[in-house]
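Listing of model_30.cif; format and content: mmCIF, C-alpha atoms and all ligand atoms.
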data_query
loop_
_atom_site.label_atom_id
_atom_site.label_comp_id
_atom_site.auth_asym_id
_atom_site.auth_seq_id
_atom_site.Cartn_x
_atom_site.Cartn_y
_atom_site.Cartn_z
CA MET A 1 -1.73 3.54 -56.08
CA GLY A 2 -4.87 3.67 -58.18
CA VAL A 3 -8.04 5.71 -58.41
CA LEU A 4 -11.59 4.35 -58.59
CA VAL A 5 -13.78 6.85 -60.47
CA THR A 6 -17.49 6.20 -59.98
CA GLY A 7 -19.74 7.72 -62.65
CA GLY A 8 -16.72 7.93 -64.98
CA ALA A 9 -18.92 7.34 -68.05
CA GLY A 10 -20.88 10.52 -67.30
CA TYR A 11 -20.24 14.14 -68.25
CA ILE A 12 -17.91 15.30 -65.47
CA GLY A 13 -16.53 11.87 -64.52
CA SER A 14 -15.35 11.21 -68.10
CA HIS A 15 -13.31 14.45 -67.98
CA MET A 16 -11.82 13.37 -64.65
CA VAL A 17 -10.74 10.13 -66.29
CA LEU A 18 -9.05 12.06 -69.12
CA TYR A 19 -7.22 14.26 -66.60
CA LEU A 20 -6.00 11.26 -64.57
CA ALA A 21 -5.03 9.19 -67.62
CA ASP A 22 -3.16 12.18 -69.09
CA ARG A 23 -1.01 12.31 -65.97
CA GLY A 24 -0.38 8.56 -66.01
CA GLU A 25 -2.56 7.46 -63.09
CA LYS A 26 -3.91 3.92 -62.85
CA VAL A 27 -7.69 4.28 -63.07
CA VAL A 28 -10.74 2.03 -62.97
CA VAL A 29 -14.20 3.36 -63.79
CA LEU A 30 -17.37 1.96 -62.23
CA ASP A 31 -20.59 3.12 -63.88
CA ASN A 32 -24.00 1.46 -64.39
CA LEU A 33 -24.60 3.50 -67.59
CA VAL A 34 -28.00 4.72 -66.38
CA THR A 35 -27.18 8.15 -67.84
CA GLY A 36 -23.56 7.64 -68.95
CA PHE A 37 -22.14 6.14 -72.16
CA ASP A 38 -19.40 3.54 -72.43
CA TRP A 39 -17.95 5.38 -75.46
CA MET A 40 -17.21 8.37 -73.17
CA VAL A 41 -14.69 6.33 -71.13
CA ASP A 42 -11.12 6.80 -72.31
CA HIS A 43 -9.53 3.61 -73.67
CA ARG A 44 -6.44 3.97 -71.48
CA VAL A 45 -8.39 3.03 -68.34
CA ASP A 46 -10.39 -0.02 -67.20
CA PHE A 47 -14.17 0.16 -67.29
CA VAL A 48 -16.58 -2.00 -65.29
CA GLN A 49 -20.35 -1.74 -65.61
CA GLY A 50 -22.03 -2.02 -62.21
CA ASN A 51 -23.59 -0.32 -59.23
CA ILE A 52 -21.71 1.61 -56.54
CA ALA A 53 -23.89 -0.09 -53.89
CA ASP A 54 -22.61 -3.55 -54.90
CA ASN A 55 -20.29 -4.33 -51.98
CA ALA A 56 -18.74 -7.49 -53.47
CA LEU A 57 -18.01 -5.84 -56.82
CA VAL A 58 -16.55 -2.65 -55.35
CA SER A 59 -14.40 -4.64 -52.88
CA ARG A 60 -13.01 -6.72 -55.74
CA LEU A 61 -12.22 -3.62 -57.81
CA ILE A 62 -10.44 -1.95 -54.89
CA GLN A 63 -8.33 -5.03 -54.21
CA ASP A 64 -7.60 -6.03 -57.82
CA HIS A 65 -6.60 -2.50 -58.86
CA GLY A 66 -4.66 -1.44 -55.75
CA ILE A 67 -7.01 1.51 -55.18
CA ASP A 68 -6.00 4.11 -52.56
CA ALA A 69 -8.48 6.86 -53.53
CA VAL A 70 -12.08 7.04 -54.71
CA ILE A 71 -13.51 9.96 -56.66
CA HIS A 72 -17.28 9.64 -56.48
CA PHE A 73 -19.32 11.24 -59.29
CA ALA A 74 -22.04 8.61 -59.69
CA GLY A 75 -25.48 9.90 -58.82
CA SER A 76 -28.79 11.27 -60.03
CA VAL A 77 -28.55 14.91 -61.01
CA VAL A 78 -31.85 16.45 -62.14
CA VAL A 79 -33.28 18.87 -59.54
CA PRO A 80 -36.98 18.89 -60.72
CA GLU A 81 -36.95 15.08 -60.98
CA SER A 82 -35.82 14.95 -57.34
CA VAL A 83 -38.93 16.93 -56.36
CA GLU A 84 -41.20 14.47 -58.20
CA ASN A 85 -39.37 11.33 -57.10
CA PRO A 86 -37.44 12.10 -53.89
CA LEU A 87 -36.97 8.47 -52.91
CA LYS A 88 -34.98 7.84 -56.09
CA TYR A 89 -32.57 10.57 -54.96
CA TYR A 90 -32.34 9.37 -51.37
CA ARG A 91 -31.65 5.86 -52.68
CA ASN A 92 -29.12 6.66 -55.39
CA ASN A 93 -27.38 9.72 -53.90
CA THR A 94 -27.63 9.02 -50.17
CA ALA A 95 -28.20 5.28 -49.52
CA ALA A 96 -25.94 4.08 -52.35
CA THR A 97 -23.24 6.56 -51.30
CA ARG A 98 -23.52 5.20 -47.75
CA ASP A 99 -22.95 1.67 -49.06
CA LEU A 100 -20.01 2.81 -51.17
CA ILE A 101 -18.39 4.59 -48.21
CA GLU A 102 -18.85 1.47 -46.07
CA THR A 103 -17.11 -0.68 -48.68
CA CYS A 104 -14.30 1.90 -48.82
CA VAL A 105 -13.85 1.78 -45.02
CA GLN A 106 -13.87 -2.04 -45.04
CA ASN A 107 -11.13 -2.01 -47.69
CA GLY A 108 -8.93 0.66 -46.12
CA ILE A 109 -9.45 3.40 -48.72
CA LYS A 110 -7.36 6.38 -47.65
CA HIS A 111 -8.96 9.24 -49.57
CA PHE A 112 -12.49 9.94 -50.81
CA ILE A 113 -13.49 12.89 -53.01
CA PHE A 114 -17.20 13.61 -53.35
CA SER A 115 -19.18 15.56 -55.97
CA SER A 116 -21.42 17.89 -54.05
CA THR A 117 -23.35 20.85 -55.33
CA ALA A 118 -24.14 24.51 -54.83
CA ALA A 119 -27.71 23.25 -54.32
CA VAL A 120 -26.74 22.51 -50.67
CA TYR A 121 -26.97 26.29 -50.01
CA GLY A 122 -30.58 26.76 -51.15
CA MET A 123 -31.83 30.30 -51.61
CA VAL A 124 -29.01 32.77 -51.04
CA GLY A 125 -28.64 36.52 -51.52
CA LEU A 126 -26.90 38.25 -54.40
CA GLU A 127 -23.42 38.13 -52.81
CA PRO A 128 -20.99 35.21 -53.42
CA VAL A 129 -21.65 32.39 -50.97
CA ALA A 130 -18.82 31.01 -48.80
CA GLU A 131 -18.48 27.41 -47.62
CA ASP A 132 -19.37 28.26 -44.01
CA ALA A 133 -22.74 29.78 -44.99
CA VAL A 134 -25.87 28.25 -43.45
CA LEU A 135 -26.89 25.17 -45.44
CA THR A 136 -30.61 25.11 -46.19
CA PRO A 137 -31.09 23.12 -49.41
CA VAL A 138 -34.56 23.51 -50.92
CA SER A 139 -34.69 20.37 -53.10
CA PRO A 140 -34.45 16.65 -52.32
CA TYR A 141 -31.42 16.68 -54.67
CA GLY A 142 -29.61 19.22 -52.49
CA ARG A 143 -30.61 17.42 -49.30
CA SER A 144 -29.56 14.01 -50.65
CA LYS A 145 -26.09 15.47 -51.33
CA LEU A 146 -25.83 17.32 -48.02
CA MET A 147 -26.56 14.08 -46.12
CA SER A 148 -23.67 12.45 -47.97
CA GLU A 149 -21.40 15.35 -46.98
CA TRP A 150 -22.34 14.76 -43.34
CA MET A 151 -21.79 11.00 -43.60
CA LEU A 152 -18.31 11.55 -44.98
CA ALA A 153 -17.36 13.95 -42.20
CA ASP A 154 -18.61 11.48 -39.55
CA VAL A 155 -16.84 8.53 -41.15
CA ALA A 156 -13.56 10.42 -41.51
CA ALA A 157 -13.73 11.32 -37.81
CA ALA A 158 -14.10 7.65 -36.89
CA HIS A 159 -11.81 5.94 -39.43
CA PRO A 160 -8.38 6.65 -40.98
CA MET A 161 -9.75 8.32 -44.11
CA THR A 162 -9.44 11.89 -45.40
CA TYR A 163 -11.99 13.38 -47.75
CA GLY A 164 -12.69 16.24 -50.10
CA VAL A 165 -16.13 17.68 -50.66
CA LEU A 166 -16.36 19.79 -53.80
CA ARG A 167 -19.50 21.87 -54.26
CA TYR A 168 -19.84 22.45 -57.98
CA PHE A 169 -21.54 25.54 -59.32
CA ASN A 170 -22.70 25.49 -62.97
CA VAL A 171 -20.49 23.11 -64.89
CA ALA A 172 -20.23 23.70 -68.65
CA GLY A 173 -17.99 23.33 -71.70
CA ALA A 174 -16.18 20.30 -73.08
CA ASP A 175 -12.71 18.80 -73.31
CA PRO A 176 -10.56 21.22 -75.40
CA GLU A 177 -9.37 18.23 -77.50
CA MET A 178 -13.03 17.18 -78.01
CA ARG A 179 -12.55 13.77 -76.38
CA SER A 180 -15.68 14.22 -74.21
CA GLY A 181 -18.49 16.62 -73.49
CA GLN A 182 -22.03 16.95 -72.13
CA SER A 183 -24.00 14.22 -73.93
CA THR A 184 -27.02 13.58 -71.71
CA ALA A 185 -30.33 12.99 -73.48
CA GLY A 186 -33.00 15.66 -72.90
CA ALA A 187 -30.56 18.14 -71.37
CA THR A 188 -31.89 21.02 -69.29
CA HIS A 189 -28.65 22.96 -68.69
CA LEU A 190 -28.72 26.50 -70.06
CA ILE A 191 -25.57 26.52 -72.21
CA LYS A 192 -26.34 23.11 -73.69
CA VAL A 193 -29.94 24.12 -74.50
CA ALA A 194 -28.74 27.38 -76.10
CA VAL A 195 -26.12 25.75 -78.34
CA GLN A 196 -28.68 23.12 -79.40
CA THR A 197 -31.03 25.96 -80.36
CA ALA A 198 -28.25 27.68 -82.32
CA LEU A 199 -27.74 24.42 -84.21
CA GLY A 200 -31.46 24.24 -85.07
CA LEU A 201 -32.00 21.10 -82.94
CA ARG A 202 -34.65 23.07 -81.02
CA ALA A 203 -37.01 25.55 -82.68
CA SER A 204 -36.56 28.09 -79.87
CA MET A 205 -35.57 28.33 -76.22
CA SER A 206 -37.06 30.00 -73.16
CA VAL A 207 -35.52 32.33 -70.62
CA PHE A 208 -37.14 31.34 -67.32
CA GLY A 209 -38.11 34.63 -65.67
CA ASP A 210 -36.94 38.22 -66.22
CA ASP A 211 -38.25 39.86 -63.05
CA TYR A 212 -35.58 38.71 -60.60
CA PRO A 213 -33.79 41.28 -58.40
CA THR A 214 -30.64 41.09 -60.57
CA PRO A 215 -29.15 43.78 -62.86
CA ASP A 216 -31.05 42.63 -65.99
CA GLY A 217 -33.85 40.70 -64.24
CA THR A 218 -32.61 37.22 -65.29
CA CYS A 219 -30.91 34.68 -62.98
CA VAL A 220 -27.17 34.89 -62.33
CA ARG A 221 -24.93 31.80 -62.16
CA ASP A 222 -21.22 31.01 -61.86
CA TYR A 223 -20.30 28.92 -64.94
CA ILE A 224 -17.14 26.82 -64.50
CA HIS A 225 -15.40 24.95 -67.32
CA VAL A 226 -15.43 21.19 -66.77
CA SER A 227 -11.66 20.85 -67.34
CA ASP A 228 -10.89 23.47 -64.68
CA LEU A 229 -13.29 21.66 -62.37
CA VAL A 230 -11.60 18.27 -62.74
CA ALA A 231 -8.18 19.91 -62.29
CA ALA A 232 -9.39 21.07 -58.85
CA HIS A 233 -10.05 17.40 -58.00
CA GLY A 234 -6.52 16.50 -59.08
CA ILE A 235 -5.03 19.18 -56.84
CA LEU A 236 -7.19 18.10 -53.93
CA LEU A 237 -6.17 14.46 -54.46
CA ASP A 238 -2.48 15.44 -54.38
CA HIS A 239 -3.12 17.45 -51.20
CA LEU A 240 -4.80 14.48 -49.47
CA ARG A 241 -2.16 12.01 -50.63
CA ALA A 242 0.53 14.32 -49.24
CA GLY A 243 -1.11 14.03 -45.81
CA GLY A 244 -3.23 17.19 -46.06
CA GLU A 245 -6.42 17.63 -44.05
CA SER A 246 -9.93 17.03 -45.37
CA ARG A 247 -11.39 20.02 -47.23
CA THR A 248 -14.79 21.29 -48.33
CA MET A 249 -14.56 23.75 -51.22
CA ASN A 250 -16.79 25.62 -53.62
CA CYS A 251 -15.91 25.06 -57.26
CA GLY A 252 -16.68 28.19 -59.23
CA TYR A 253 -14.70 31.16 -60.52
CA GLY A 254 -16.38 33.62 -58.15
CA ARG A 255 -18.17 35.68 -60.82
CA GLY A 256 -21.63 35.47 -62.27
CA PHE A 257 -23.34 35.85 -65.65
CA SER A 258 -27.05 36.39 -66.18
CA VAL A 259 -29.16 34.13 -68.41
CA ASP A 260 -29.50 36.97 -70.93
CA GLU A 261 -25.70 37.45 -70.96
CA VAL A 262 -25.20 33.73 -71.62
CA VAL A 263 -27.76 33.73 -74.43
CA SER A 264 -26.10 36.79 -76.07
CA THR A 265 -22.70 35.13 -75.79
CA VAL A 266 -24.03 31.98 -77.47
CA LYS A 267 -25.47 34.11 -80.29
CA GLN A 268 -22.13 35.92 -80.73
CA VAL A 269 -19.99 32.79 -80.65
CA THR A 270 -22.20 30.80 -83.02
CA GLY A 271 -23.18 33.72 -85.26
CA VAL A 272 -26.82 32.53 -85.14
CA ASP A 273 -29.62 34.83 -83.98
CA PHE A 274 -31.93 32.04 -82.77
CA PRO A 275 -35.45 32.65 -81.36
CA VAL A 276 -35.64 33.23 -77.59
CA VAL A 277 -38.90 33.46 -75.64
CA HIS A 278 -38.97 35.25 -72.28
CA GLY A 279 -41.22 32.98 -70.20
CA PRO A 280 -42.27 32.59 -66.55
CA ARG A 281 -39.93 31.68 -63.71
CA ARG A 282 -38.93 28.03 -63.25
CA ALA A 283 -39.85 26.71 -59.77
CA GLY A 284 -37.01 26.55 -57.27
CA ASP A 285 -34.48 28.78 -59.09
CA PRO A 286 -32.47 31.10 -56.80
CA ALA A 287 -32.11 34.60 -58.31
CA SER A 288 -28.33 34.46 -58.05
CA ILE A 289 -25.76 31.96 -56.90
CA VAL A 290 -22.06 32.72 -57.23
CA ALA A 291 -19.20 30.88 -55.52
CA GLY A 292 -17.15 32.45 -52.79
CA ALA A 293 -13.91 31.17 -54.32
CA ASP A 294 -11.28 32.08 -51.70
CA ARG A 295 -10.67 28.50 -50.56
CA ILE A 296 -10.22 26.96 -53.98
CA ARG A 297 -8.06 29.88 -55.12
CA SER A 298 -5.82 29.38 -52.08
CA MET A 299 -4.86 25.94 -53.48
CA ASP A 300 -2.43 25.66 -56.45
CA TRP A 301 -5.43 25.84 -58.79
CA GLU A 302 -4.85 27.89 -61.93
CA PRO A 303 -7.98 27.94 -64.08
CA GLN A 304 -7.31 27.79 -67.83
CA PHE A 305 -10.78 28.54 -69.20
CA ASP A 306 -12.26 31.32 -67.06
CA ASP A 307 -13.82 33.01 -70.09
CA LEU A 308 -17.50 32.62 -71.00
CA PRO A 309 -17.05 32.77 -74.82
CA THR A 310 -14.39 30.02 -74.59
CA ILE A 311 -16.70 27.82 -72.50
CA VAL A 312 -19.55 28.38 -74.96
CA GLU A 313 -17.33 27.72 -77.98
CA MET A 314 -16.26 24.33 -76.60
CA ALA A 315 -19.85 23.38 -75.71
CA TYR A 316 -20.89 24.35 -79.27
CA LYS A 317 -18.08 22.34 -80.88
CA TRP A 318 -19.03 19.28 -78.83
CA GLU A 319 -22.70 19.60 -79.77
CA ARG A 320 -21.72 19.78 -83.46
CA TYR A 321 -19.60 16.65 -83.02
CA LEU A 322 -22.48 14.80 -81.27
CA ASN A 323 -24.66 15.70 -84.22
CA THR A 324 -22.39 13.71 -86.54
CA ARG A 325 -22.83 10.52 -84.48
CA ASN A 326 -25.50 8.04 -85.60
CA ASP A 327 -26.23 7.23 -81.94
CA ARG A 328 -26.56 10.85 -80.81
CA PRO A 329 -28.61 11.07 -77.59
CA ALA A 330 -32.12 12.53 -78.01
CA VAL A 331 -32.33 16.33 -77.69
N1 LIG A 401 -23.46 18.91 -64.04
C1 LIG A 401 -23.51 19.81 -63.07
O1 LIG A 401 -23.69 21.04 -63.33
C2 LIG A 401 -23.35 19.39 -61.63
C3 LIG A 401 -23.43 20.38 -60.65
C4 LIG A 401 -23.27 20.02 -59.31
C5 LIG A 401 -22.97 18.69 -58.97
N2 LIG A 401 -22.90 17.75 -59.91
C6 LIG A 401 -22.61 16.36 -59.50
O2 LIG A 401 -21.56 15.83 -60.28
C7 LIG A 401 -21.73 14.43 -60.46
C8 LIG A 401 -21.62 14.09 -61.95
O3 LIG A 401 -22.65 14.79 -62.64
P1 LIG A 401 -22.75 14.77 -64.24
O4 LIG A 401 -23.28 16.09 -64.65
O5 LIG A 401 -21.49 14.27 -64.84
O6 LIG A 401 -23.94 13.71 -64.44
P2 LIG A 401 -24.02 12.42 -65.37
O7 LIG A 401 -25.42 11.93 -65.28
O8 LIG A 401 -23.47 12.70 -66.72
O9 LIG A 401 -23.04 11.41 -64.63
C9 LIG A 401 -23.43 10.55 -63.58
C10 LIG A 401 -22.89 9.15 -63.90
O10 LIG A 401 -23.15 8.28 -62.80
C11 LIG A 401 -23.65 7.04 -63.30
N3 LIG A 401 -24.44 6.46 -62.20
C12 LIG A 401 -25.57 6.98 -61.63
N4 LIG A 401 -25.97 6.20 -60.60
C13 LIG A 401 -25.07 5.17 -60.51
C14 LIG A 401 -24.93 4.06 -59.63
N5 LIG A 401 -25.81 3.83 -58.64
N6 LIG A 401 -23.88 3.21 -59.82
C15 LIG A 401 -22.99 3.44 -60.81
N7 LIG A 401 -23.07 4.48 -61.67
C16 LIG A 401 -24.10 5.33 -61.51
C17 LIG A 401 -24.42 7.41 -64.55
O11 LIG A 401 -24.58 6.34 -65.45
C18 LIG A 401 -23.56 8.54 -65.13
O12 LIG A 401 -22.58 8.02 -66.00
C19 LIG A 401 -23.09 14.08 -59.84
O13 LIG A 401 -22.88 13.51 -58.57
C20 LIG A 401 -23.79 15.43 -59.72
O14 LIG A 401 -24.71 15.46 -58.65
C21 LIG A 401 -23.09 18.06 -61.25
O1 LIG A 402 -33.67 26.52 -71.08
C1 LIG A 402 -33.27 27.11 -70.07
C2 LIG A 402 -32.43 26.49 -69.11
C3 LIG A 402 -32.05 27.21 -67.99
N1 LIG A 402 -32.44 28.49 -67.83
C4 LIG A 402 -32.00 29.26 -66.66
O2 LIG A 402 -30.59 29.25 -66.65
C5 LIG A 402 -30.10 29.21 -65.30
C6 LIG A 402 -29.19 28.01 -65.13
O3 LIG A 402 -29.98 26.84 -65.21
P1 LIG A 402 -29.37 25.38 -65.34
O4 LIG A 402 -30.50 24.42 -65.46
O5 LIG A 402 -28.33 25.36 -66.41
O6 LIG A 402 -28.58 25.16 -63.96
P2 LIG A 402 -29.08 25.34 -62.45
O7 LIG A 402 -28.48 26.62 -61.97
O8 LIG A 402 -30.54 25.17 -62.31
O9 LIG A 402 -28.48 24.05 -61.74
C7 LIG A 402 -27.12 23.71 -61.74
O10 LIG A 402 -26.51 24.23 -60.59
C8 LIG A 402 -27.10 23.82 -59.37
C9 LIG A 402 -26.39 24.54 -58.28
O11 LIG A 402 -26.60 25.91 -58.38
C10 LIG A 402 -27.00 22.31 -59.22
O12 LIG A 402 -25.68 21.94 -58.94
C11 LIG A 402 -27.50 21.59 -60.47
O13 LIG A 402 -27.10 20.23 -60.41
C12 LIG A 402 -26.94 22.18 -61.73
O14 LIG A 402 -27.63 21.63 -62.82
C13 LIG A 402 -31.34 29.15 -64.40
O15 LIG A 402 -31.66 30.43 -63.96
C14 LIG A 402 -32.44 28.66 -65.34
O16 LIG A 402 -33.73 29.11 -65.00
C15 LIG A 402 -33.25 29.12 -68.76
O17 LIG A 402 -33.60 30.29 -68.60
N2 LIG A 402 -33.64 28.41 -69.85
#

Final structure tokens representation of the file:
Amino acid sequence: MGVLVTGGAGYIGSHMVLYLADRGEKVVVLDNLVTGFDWMVDHRVDFVQGNIADNALVSRLIQDHGIDAVIHFAGSVVVPESVENPLKYYRNNTAATRDLIETCVQNGIKHFIFSSTAAVYGMVGLEPVAEDAVLTPVSPYGRSKLMSEWMLADVAAAHPMTYGVLRYFNVAGADPEMRSGQSTAGATHLIKVAVQTALGLRASMSVFGDDYPTPDGTCVRDYIHVSDLVAAHGILLDHLRAGGESRTMNCGYGRGFSVDEVVSTVKQVTGVDFPVVHGPRRAGDPASIVAGADRIRSMDWEPQFDDLPTIVEMAYKWERYLNTRNDRPAV
């Protein structure tokens, strides 16, 4: 048995690789390094640079490495970019995923786990959102991912394959042993931006909107630590390998923090009172999105880092480490 991890040189995929290597799995990573870094791939696993849509390459990897399961992280991930360049997202997230799934079917892959997103829900109310909610994504990013969810369900109905769809909420933090972390150039994610500001890499940061219908007027999100997130994939993989049915699950802790709460936590953890500007709303932001977490909590999933200061501390430590590298990605 072996696992093909696509996008394993990226933020979340590199943590998945650490998790699998730590438990002694045979792993091969396929990544074209468009946003990932080869130095983020753990040395215990094989790394191949290439595209998920390359049928001949993926077939060879599956056969040479005895792959029974694919965990598919590779994709394009920036919501505003998907609005400006939707065809990029339909090509890389939908069409390329279609090609990858076809290669998997042709090669008898038994299990396929897919990185989906809370963006498939679109604008929701203030209550936690469950998996069976109406899906009305508002961005090409969300739609490109939802189409892949549908393809997987159709393919699994027609072929002997089981699948897991995991809808991630706001992923943050870094490996507790500092072997990987969020390293993307020009990051837009709140916790990453805030720790960069605390380190003086940015002169100030903005809070996008403070007139939302939330307790303090700023947007509420469900921040999940990346190591807890990848552990959920491991549990789902074990479930599928044991003959369990396909599952679609939210990945969040089921509680929200506002932007102002996150910023205060970053100030407390870092001890730096950095400048914060309260600016206008950012287009497309839902006021609040928190995971209905009943399904994931009904698995044997025991989160280790469900604590905002701990998540922030690890993100901060990783940012400090990145700062010591000569090749640190641009802020
Ligand atoms: N970060 C989040 O908060 C978040 C939230 C919801 C869903 N997701 C999903 O999780 C997955 C991983 O996201 P991430 O934050 O680690 O992003 P990332 O950009 O760090 O990782 C994506 C990786 O995929 C690679 N890649 C992209 N297109 C490829 C292709 N065609 N062939 C081969 N490799 C390719 C990139 O080089 C990169 O290493 C994505 O599918 C994303 O949509 C992320
Ligand atoms: O400098 C910043 C950055 C962000 N924010 C705010 O902080 C919140 C979180 O923003 P992020 O950009 O960190 O994350 P998003 O909630 O926009 O998006 C994340 O969660 C989505 C699902 O909800 C998708 O999965 C997406 O891929 C993932 O990046 C938002 O209200 C945003 O407006 C700021 O105020 N200032």

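Here atom O16 of ligand LIG 402 (chain A) and CA of Gly181 (chain A) stand 21.5 Å from one another.
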
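Between CA of Glu131 (chain A) and CA of Val17 (chain A) the separation is 26.6 Å.
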
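Shortest separation to ligand LIG 402 (chain A) among A:Ala56, A:Met1, A:Val129, A:Leu61 occurs at residue A:Val129, atoms counted being all atoms listed in the file.
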
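As for CA of Asn85 (chain A) and atom C16 of ligand LIG 401 (chain A), they are spaced 17.0 Å apart.
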
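Comparing A:Tyr90, A:Tyr19, A:Phe114, A:Trp301 by their smallest distance to Gly7 (chain A), the closest is A:Phe114 (using only C-alpha atoms).
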
Could you give me, as a PyMOL selection string, every polymer residue with an atom at most 7 Å away from an atom of ligand LIG 401 (chain A), counting all atoms listed in the file?
-> chain A and resi 6-13+30-37+50-53+73-77+92+96+115-118+167-172+184

Give me, as a Markdown table, the closest atom pair and its distance (Å, one decimal) for every residue of chain A within a cut-off of 9 Å of ligand LIG 402 (chain A), counting only C-alpha atoms and all ligand atoms, rows sorted by chain and rising number.
| residue | atom | partner | partner_atom | distance |
| --- | --- | --- | --- | --- |
| A:Val77 | CA | A:LIG402 | O13 | 5.5 |
| A:Val78 | CA | A:LIG402 | O13 | 6.3 |
| A:Val79 | CA | A:LIG402 | O13 | 6.4 |
| A:Ser116 | CA | A:LIG402 | O12 | 7.6 |
| A:Thr117 | CA | A:LIG402 | O12 | 4.4 |
| A:Ala118 | CA | A:LIG402 | C9 | 4.1 |
| A:Ala119 | CA | A:LIG402 | C9 | 4.4 |
| A:Val120 | CA | A:LIG402 | C9 | 7.9 |
| A:Tyr121 | CA | A:LIG402 | O11 | 8.4 |
| A:Gly122 | CA | A:LIG402 | O11 | 8.3 |
| A:Tyr141 | CA | A:LIG402 | O13 | 8.0 |
| A:Gly142 | CA | A:LIG402 | C10 | 7.9 |
| A:Arg167 | CA | A:LIG402 | O12 | 7.8 |
| A:Tyr168 | CA | A:LIG402 | O12 | 5.9 |
| A:Phe169 | CA | A:LIG402 | C9 | 5.1 |
| A:Asn170 | CA | A:LIG402 | O10 | 4.7 |
| A:Val171 | CA | A:LIG402 | C12 | 7.2 |
| A:Ala172 | CA | A:LIG402 | O5 | 8.6 |
| A:Ala187 | CA | A:LIG402 | O4 | 8.6 |
| A:Thr188 | CA | A:LIG402 | O4 | 5.3 |
| A:His189 | CA | A:LIG402 | O5 | 3.3 |
| A:Leu190 | CA | A:LIG402 | C2 | 3.8 |
| A:Ile191 | CA | A:LIG402 | O5 | 6.5 |
| A:Lys192 | CA | A:LIG402 | O5 | 7.9 |
| A:Val193 | CA | A:LIG402 | O1 | 5.6 |
| A:Ala194 | CA | A:LIG402 | O1 | 7.1 |
| A:Met205 | CA | A:LIG402 | O1 | 5.8 |
| A:Ser206 | CA | A:LIG402 | N2 | 5.0 |
| A:Val207 | CA | A:LIG402 | O17 | 3.5 |
| A:Phe208 | CA | A:LIG402 | O17 | 3.9 |
| A:Gly209 | CA | A:LIG402 | O17 | 6.9 |
| A:Asp210 | CA | A:LIG402 | O17 | 8.9 |
| A:Thr218 | CA | A:LIG402 | O15 | 7.0 |
| A:Cys219 | CA | A:LIG402 | O15 | 4.4 |
| A:Val220 | CA | A:LIG402 | O15 | 6.5 |
| A:Arg221 | CA | A:LIG402 | O7 | 6.3 |
| A:Asp222 | CA | A:LIG402 | O11 | 8.2 |
| A:Tyr223 | CA | A:LIG402 | O5 | 8.9 |
| A:Ser258 | CA | A:LIG402 | C5 | 7.9 |
| A:Val259 | CA | A:LIG402 | O2 | 5.4 |
| A:Asp260 | CA | A:LIG402 | O17 | 8.2 |
| A:Val262 | CA | A:LIG402 | O2 | 8.6 |
| A:Val263 | CA | A:LIG402 | O17 | 8.9 |
| A:His278 | CA | A:LIG402 | O17 | 8.2 |
| A:Gly279 | CA | A:LIG402 | O17 | 8.2 |
| A:Arg281 | CA | A:LIG402 | O16 | 6.8 |
| A:Arg282 | CA | A:LIG402 | O16 | 5.6 |
| A:Ala283 | CA | A:LIG402 | O16 | 8.4 |
| A:Gly284 | CA | A:LIG402 | O8 | 8.3 |
| A:Asp285 | CA | A:LIG402 | O15 | 5.9 |
| A:Pro286 | CA | A:LIG402 | O15 | 7.2 |
| A:Ala287 | CA | A:LIG402 | O15 | 7.0 |
| A:Ser288 | CA | A:LIG402 | O15 | 7.9 |
| A:Ile289 | CA | A:LIG402 | O11 | 6.3 |
| A:Val290 | CA | A:LIG402 | O11 | 8.3 |

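Nearest to Ala198 (chain A) of all the residues A:Arg60, A:Lys267, A:His72, A:His65 is A:Lys267, based on all atoms listed in the file.
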
Nearest to Phe257 (chain A) by atom-to-atom distance, counting all atoms listed in the file, from A:Asp175, A:Glu81, A:Asp216, A:Glu25 | A:Asp216
